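To keep things clear, I will list the structure first and then write my remarks on it.
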Amino acid sequence: MRFEAYVAARYLRASPGQTFLTVGAVAIAVTVVVFINSLIGGLQIRLLRDNIGSLPHVTVRPAPPDPVPLQDVLPAEPGTVHTSRIQKLSEIRRDLENPEKVVAQLSLFEGVTALSPAVRGQAFLLRGSRRFGVTVSGADPPRQERIVGLQDDLVAGRWLDLGPDELVLGFRLAGDAGVGLGDRVRLVSAEGVTEVFRVAGIFDTGSNAVDQGQVFLTLRAAQALFRTGRNVSSIQMKLREPFQADRVALSIRSSLGYEVDSWMQEQAMFVNGFRAQDQSRMMISFFSLLASAFGIASVLIVSVVRKSREIGILKSMGTRDRQIMGIFTLQGLFVSLLGSAVGCGAAWLLLDFLSGIRQVARFGKTDQLFPVSFDPSLFLYAAGAAILSTMLASLLPARRAASMNPVEVLRGE
Amino acid sequence: MSEPVVEARGLVQIYEAGTTREVRVLRGVDLRVLPGEFLSVVGQSGSGKSTLLNVLGALDVPTSGTVRIDGIDLAGLAPDELADVRNRKVGFIFQFHHLLGEFTCLENTLMPLFLRGGTPSKAEVGRVKELLERVELSDQLHKRPSQMSGGQQQRAAVVRAMAASPRLVLADEPTGNLDSRSGARVFEVLRDVARQEGVAFLMVTHDQRLAGQADRCLRMEDGLLSETACPRPGD
Ligand SMILES: Nc1ncnc2c1ncn2[C@@H]1O[C@H](COP(=O)(O)OP(=O)(O)OP(=O)(O)O)[C@@H](O)[C@H]1O
Ligand SMILES: [Mg+2]
């Protein structure tokens, strides 16, 4: 390998213009790949956070009691035919019994990062003579926090150490009802239970529906309000990988028999859009690398043809075909290593510059205009793909060089 | 009596065999060259002299016939083994395109040693430098071919052919583009080293004077090689 590297390095140094162009081609491709993926990746992280940050990835509910056809219930009488239409039961309140046992079962599924038993229900919030229909969500705040993340959206008060006689609500609802921190409000559930709560916190999630119509309580308080006893209405789950939700939901449903919803079914449009972005960034990456590989292949083919006599002389001295191949693939390797390094550097500078540009966000905070995701493994992947594609591109010219017939290229002048 | 360095029997080389453009270049050539022997080959243009050298030097494969170099039968050797025979047993000198343009004179002459993988030993480098001195290239060691004259390049090519201590040197009109004085000088060095080291030396030349100094003179004609009287000075 030393001889091949020696000759390859000399060839590269001897034509700096060609080397500069080929290194540049690889560098540009690597920059494009890193840049596009960081930018779209960053946008996707922001999109995911904004759209499903406050959604559970998977929600587990008790299985609906299956309606049974009539003939299975009635004794079979010869000569009679039963016809029955199967209709799903609905709107019967069903609760999950023994939630901690279910939590223990669910935590065994792969990729589960958080679980929170919750009681959800409809209620009226009463303030003086005014009534507001609200969705009540009761859960243990620290556990719930890992599912919906209210803490960051809190504009006043507390949430994580919520007491059983306290609640947090959205700033729009607070405004409509004219309540502030420390004020008392009354909740009346559909089950007819009335409880008084003190406003402990106010949040602004950016989603109108939540800010206007949602109230958070502790699990205990919600269990009392909806008379569920020790049961809960659902268990909400967060996964390490949000896009595994459908798969996890399916395996829970088939192995445990619960009714399981995944955010991906409910947000199918979002998922499609997300997939389209993924495909476009793959396409851009692929074609950038392809273009650079073609460029390098053509430059190397020209150089092989230009050097055919020298290749003939090398062969007459006893250089083996593999060594000739090595000389040209090593040129590809050097070019791709150098180009990858330059490309990674350029991409880093570009991303560093872009991520420094701020824009004004909510509550007067500033936010990145380009939410670049600085993923070091992306640099490695881009460099690896560039090195691989360049090596593949140099194989063709290298084989052509190796298969040259020295007698033919040396004949005549 | 010592073993021949080259022994060729019944060499036949046919190009484009089986087509209407079939060319029978070699029609059954036999040849034995002993160590230290110096042979010249003459013949008309197109008579097959270069073809013969390529076949003898394991650069080309004959249509039929056998070649043994230093006792090694070339028939049936794999391409890599043929390459190794060229590297260790044979030195080529071509009329044109001698050197690699991106390397210095010294690097070019050491190339057959480099391509074996390791760094040439001190003794090997010393030998090459001494040869370069004998052809008066000591002051050209670090020049590129483009900075050297045609004659200097050809002398470097001669040194390169000898660098790896081959058993056989094949020269195809090595002095063809040199003026007669420096041609004679290069030739002398070649012959002296060949004699000293017991190298078999086959030279194709049009130069009657050079051909005349050979131990044996051969003529290529009608695809056959025949021994002729060497043209001696004064003839
Ligand atoms: N690959 C080939 N295909 C067809 N014909 C070939 C091929 N190679 C050589 N020839 C023919 O073989 C003959 C001998 O060629 P060669 O180069 O050996 O001649 P030469 O004696 O070296 O001539 P010169 O003195 O001009 O160098 C020529 O007629 C040439 O046209
Ligand atoms: Mg010739």
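Going by the structure tokens order, chains are called A, B, ..., each with residues numbered from 1, while ligands are numbered from 1 in the order shown.
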Using only C-alpha atoms and all ligand atoms, determine which residues fall within 10 Å of ligand 1, then list them as number ranges by chain. A: 405, 407-408, 411-412; B: 13-17, 21-26, 41-55, 95, 172-173, 204-206, 220-221, 223
Name the residues of region 23-216 of chain B that come out as strand (DSSP E or B) in a backbone DSSP run; write them as a PyMOL selection string. chain B and resi 23-33+38-43+64-69+72-73+90-93+168-172+200-204+216
As a PyMOL selection string, please: the residues near Ala214 (chain B) (cut-off 9 Å, only C-alpha atoms, same-chain neighbours under 3 positions excluded). chain B and resi 37-40+191+203+210-211+217+230
Go ahead and write the selection's residues with N, CA and C atoms as an mmCIF file, in the first residue's frame.
```
data_model
loop_
_atom_site.group_PDB
_atom_site.id
_atom_site.type_symbol
_atom_site.label_atom_id
_atom_site.label_comp_id
_atom_site.auth_asym_id
_atom_site.auth_seq_id
_atom_site.Cartn_x
_atom_site.Cartn_y
_atom_site.Cartn_z
ATOM 1 N N GLU B 37 25.794 -12.487 -22.014
ATOM 2 C CA GLU B 37 25.817 -12.408 -23.471
ATOM 3 C C GLU B 37 25.112 -11.156 -23.950
ATOM 4 N N PHE B 38 25.625 -10.589 -25.003
ATOM 5 C CA PHE B 38 25.046 -9.366 -25.542
ATOM 6 C C PHE B 38 24.671 -9.608 -26.997
ATOM 7 N N LEU B 39 23.361 -9.534 -27.288
ATOM 8 C CA LEU B 39 22.871 -9.809 -28.636
ATOM 9 C C LEU B 39 22.236 -8.567 -29.239
ATOM 10 N N SER B 40 22.444 -8.398 -30.537
ATOM 11 C CA SER B 40 21.719 -7.313 -31.214
ATOM 12 C C SER B 40 20.712 -7.936 -32.183
ATOM 13 N N ARG B 191 26.645 -2.215 -21.835
ATOM 14 C CA ARG B 191 27.367 -3.445 -22.126
ATOM 15 C C ARG B 191 28.284 -3.826 -20.974
ATOM 16 N N MET B 203 19.371 -6.217 -27.651
ATOM 17 C CA MET B 203 19.114 -4.850 -28.079
ATOM 18 C C MET B 203 18.667 -4.816 -29.540
ATOM 19 N N LEU B 210 26.603 0.028 -33.618
ATOM 20 C CA LEU B 210 26.288 -0.572 -32.312
ATOM 21 C C LEU B 210 26.041 -2.069 -32.461
ATOM 22 N N ALA B 211 25.282 -2.406 -33.497
ATOM 23 C CA ALA B 211 24.972 -3.823 -33.720
ATOM 24 C C ALA B 211 26.258 -4.621 -33.884
ATOM 25 N N CYS B 217 24.832 -11.447 -33.515
ATOM 26 C CA CYS B 217 23.873 -10.568 -34.190
ATOM 27 C C CYS B 217 22.758 -11.417 -34.801
ATOM 28 N N CYS B 230 27.993 -10.435 -37.766
ATOM 29 C CA CYS B 230 27.907 -9.080 -37.248
ATOM 30 C C CYS B 230 28.689 -8.158 -38.171
#
```
Quick one, how far is CA of Ala104 (chain A) from CA of His57 (chain A)? 17.6 Å
Counting only C-alpha atoms and all ligand atoms, closest pick from B:Leu100, B:Pro174, B:Pro112, B:Ser64 relative to ligand 2 is B:Pro174
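If only C-alpha atoms and all ligand atoms are the atoms counted, then among B:Lys143, B:Glu197, B:Asp80, B:Phe94 the closest residue to ligand 2 is B:Phe94.
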Counting only C-alpha atoms, what is within 12 Å of Met264 (chain A), bar same-chain residues fewer than 3 positions away, as a tab-separated table (two decimals) with N, CA, C and O atoms, in the first residue's frame?
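Wrote it out as selection29.tsv, contents follow:
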```
chain	number	residue	atom	x	y	z
A	48	LEU	N	-42.13	19.03	15.58
A	48	LEU	CA	-42.55	17.95	16.48
A	48	LEU	C	-42.88	18.52	17.84
A	48	LEU	O	-43.89	18.18	18.44
A	51	ASN	N	-46.08	20.62	17.64
A	51	ASN	CA	-47.30	19.91	17.29
A	51	ASN	C	-47.63	18.74	18.20
A	51	ASN	O	-48.78	18.49	18.49
A	52	ILE	N	-46.62	18.03	18.62
A	52	ILE	CA	-46.95	16.87	19.45
A	52	ILE	C	-46.24	16.91	20.78
A	52	ILE	O	-46.31	15.97	21.56
A	55	LEU	N	-48.72	16.38	23.30
A	55	LEU	CA	-49.60	15.22	23.11
A	55	LEU	C	-48.90	13.98	23.64
A	55	LEU	O	-47.69	13.84	23.49
A	56	PRO	N	-49.66	13.08	24.25
A	56	PRO	CA	-49.06	11.78	24.53
A	56	PRO	C	-48.81	11.07	23.20
A	56	PRO	O	-49.57	11.25	22.25
A	57	HIS	N	-47.74	10.29	23.13
A	57	HIS	CA	-47.49	9.55	21.89
A	57	HIS	C	-48.49	8.40	21.76
A	57	HIS	O	-48.98	8.12	20.68
A	58	VAL	N	-48.74	7.76	22.88
A	58	VAL	CA	-49.66	6.62	22.88
A	58	VAL	C	-50.59	6.77	24.08
A	58	VAL	O	-50.15	7.15	25.15
A	59	THR	N	-51.87	6.51	23.87
A	59	THR	CA	-52.83	6.56	24.96
A	59	THR	C	-53.52	5.21	25.08
A	59	THR	O	-54.02	4.68	24.08
A	241	GLU	N	-38.86	7.47	20.62
A	241	GLU	CA	-38.92	7.74	19.19
A	241	GLU	C	-40.40	7.92	18.82
A	241	GLU	O	-41.13	6.94	18.69
A	242	PRO	N	-40.85	9.19	18.64
A	242	PRO	CA	-42.28	9.42	18.42
A	242	PRO	C	-42.85	8.61	17.25
A	242	PRO	O	-44.00	8.19	17.29
A	243	PHE	N	-42.01	8.39	16.23
A	243	PHE	CA	-42.54	7.71	15.05
A	243	PHE	C	-42.65	6.19	15.22
A	243	PHE	O	-43.02	5.49	14.30
A	244	GLN	N	-42.34	5.73	16.43
A	244	GLN	CA	-42.57	4.32	16.73
A	244	GLN	C	-43.96	4.11	17.33
A	244	GLN	O	-44.34	2.99	17.67
A	245	ALA	N	-44.72	5.22	17.47
A	245	ALA	CA	-45.99	5.15	18.19
A	245	ALA	C	-46.94	4.12	17.60
A	245	ALA	O	-47.54	3.32	18.33
A	246	ASP	N	-47.08	4.10	16.26
A	246	ASP	CA	-48.00	3.14	15.65
A	246	ASP	C	-47.60	1.70	15.96
A	246	ASP	O	-48.43	0.86	16.28
A	247	ARG	N	-46.31	1.47	15.88
A	247	ARG	CA	-45.81	0.11	16.09
A	247	ARG	C	-46.05	-0.32	17.55
A	247	ARG	O	-46.55	-1.41	17.82
A	248	VAL	N	-45.70	0.59	18.48
A	248	VAL	CA	-45.87	0.28	19.89
A	248	VAL	C	-47.36	0.09	20.22
A	248	VAL	O	-47.75	-0.85	20.92
A	249	ALA	N	-48.18	0.99	19.64
A	249	ALA	CA	-49.62	0.89	19.90
A	249	ALA	C	-50.15	-0.47	19.46
A	249	ALA	O	-50.91	-1.14	20.17
A	250	LEU	N	-49.71	-0.89	18.28
A	250	LEU	CA	-50.17	-2.16	17.75
A	250	LEU	C	-49.75	-3.33	18.65
A	250	LEU	O	-50.55	-4.23	18.94
A	260	VAL	N	-55.91	1.15	22.18
A	260	VAL	CA	-54.69	1.95	22.17
A	260	VAL	C	-54.73	2.93	21.01
A	260	VAL	O	-55.00	2.54	19.88
A	261	ASP	N	-54.47	4.19	21.30
A	261	ASP	CA	-54.41	5.21	20.24
A	261	ASP	C	-52.99	5.72	20.13
A	261	ASP	O	-52.30	5.88	21.13
A	267	GLN	N	-52.94	12.39	13.88
A	267	GLN	CA	-52.30	13.49	13.15
A	267	GLN	C	-51.72	12.97	11.84
A	267	GLN	O	-50.57	13.22	11.51
A	268	ALA	N	-52.56	12.23	11.10
A	268	ALA	CA	-52.05	11.58	9.89
A	268	ALA	C	-51.48	12.58	8.89
A	268	ALA	O	-50.46	12.33	8.25
A	269	MET	N	-52.12	13.73	8.78
A	269	MET	CA	-51.65	14.74	7.83
A	269	MET	C	-50.25	15.21	8.21
A	269	MET	O	-49.37	15.37	7.36
A	270	PHE	N	-50.09	15.45	9.51
A	270	PHE	CA	-48.79	15.90	9.99
A	270	PHE	C	-47.72	14.85	9.70
A	270	PHE	O	-46.63	15.16	9.21
A	271	VAL	N	-48.08	13.60	9.95
A	271	VAL	CA	-47.12	12.52	9.72
A	271	VAL	C	-46.75	12.45	8.25
A	271	VAL	O	-45.57	12.32	7.89
A	272	ASN	N	-47.76	12.61	7.37
A	272	ASN	CA	-47.46	12.59	5.93
A	272	ASN	C	-46.53	13.72	5.53
A	272	ASN	O	-45.59	13.53	4.76
A	273	GLY	N	-46.81	14.92	6.06
A	273	GLY	CA	-45.96	16.06	5.75
A	273	GLY	C	-44.54	15.82	6.20
A	273	GLY	O	-43.57	16.12	5.49
A	274	PHE	N	-44.44	15.26	7.38
A	274	PHE	CA	-43.14	14.96	7.95
A	274	PHE	C	-42.37	13.97	7.09
A	274	PHE	O	-41.19	14.14	6.80
A	275	ARG	N	-43.09	12.95	6.63
A	275	ARG	CA	-42.44	11.94	5.79
A	275	ARG	C	-41.97	12.56	4.48
A	275	ARG	O	-40.90	12.23	3.96
```
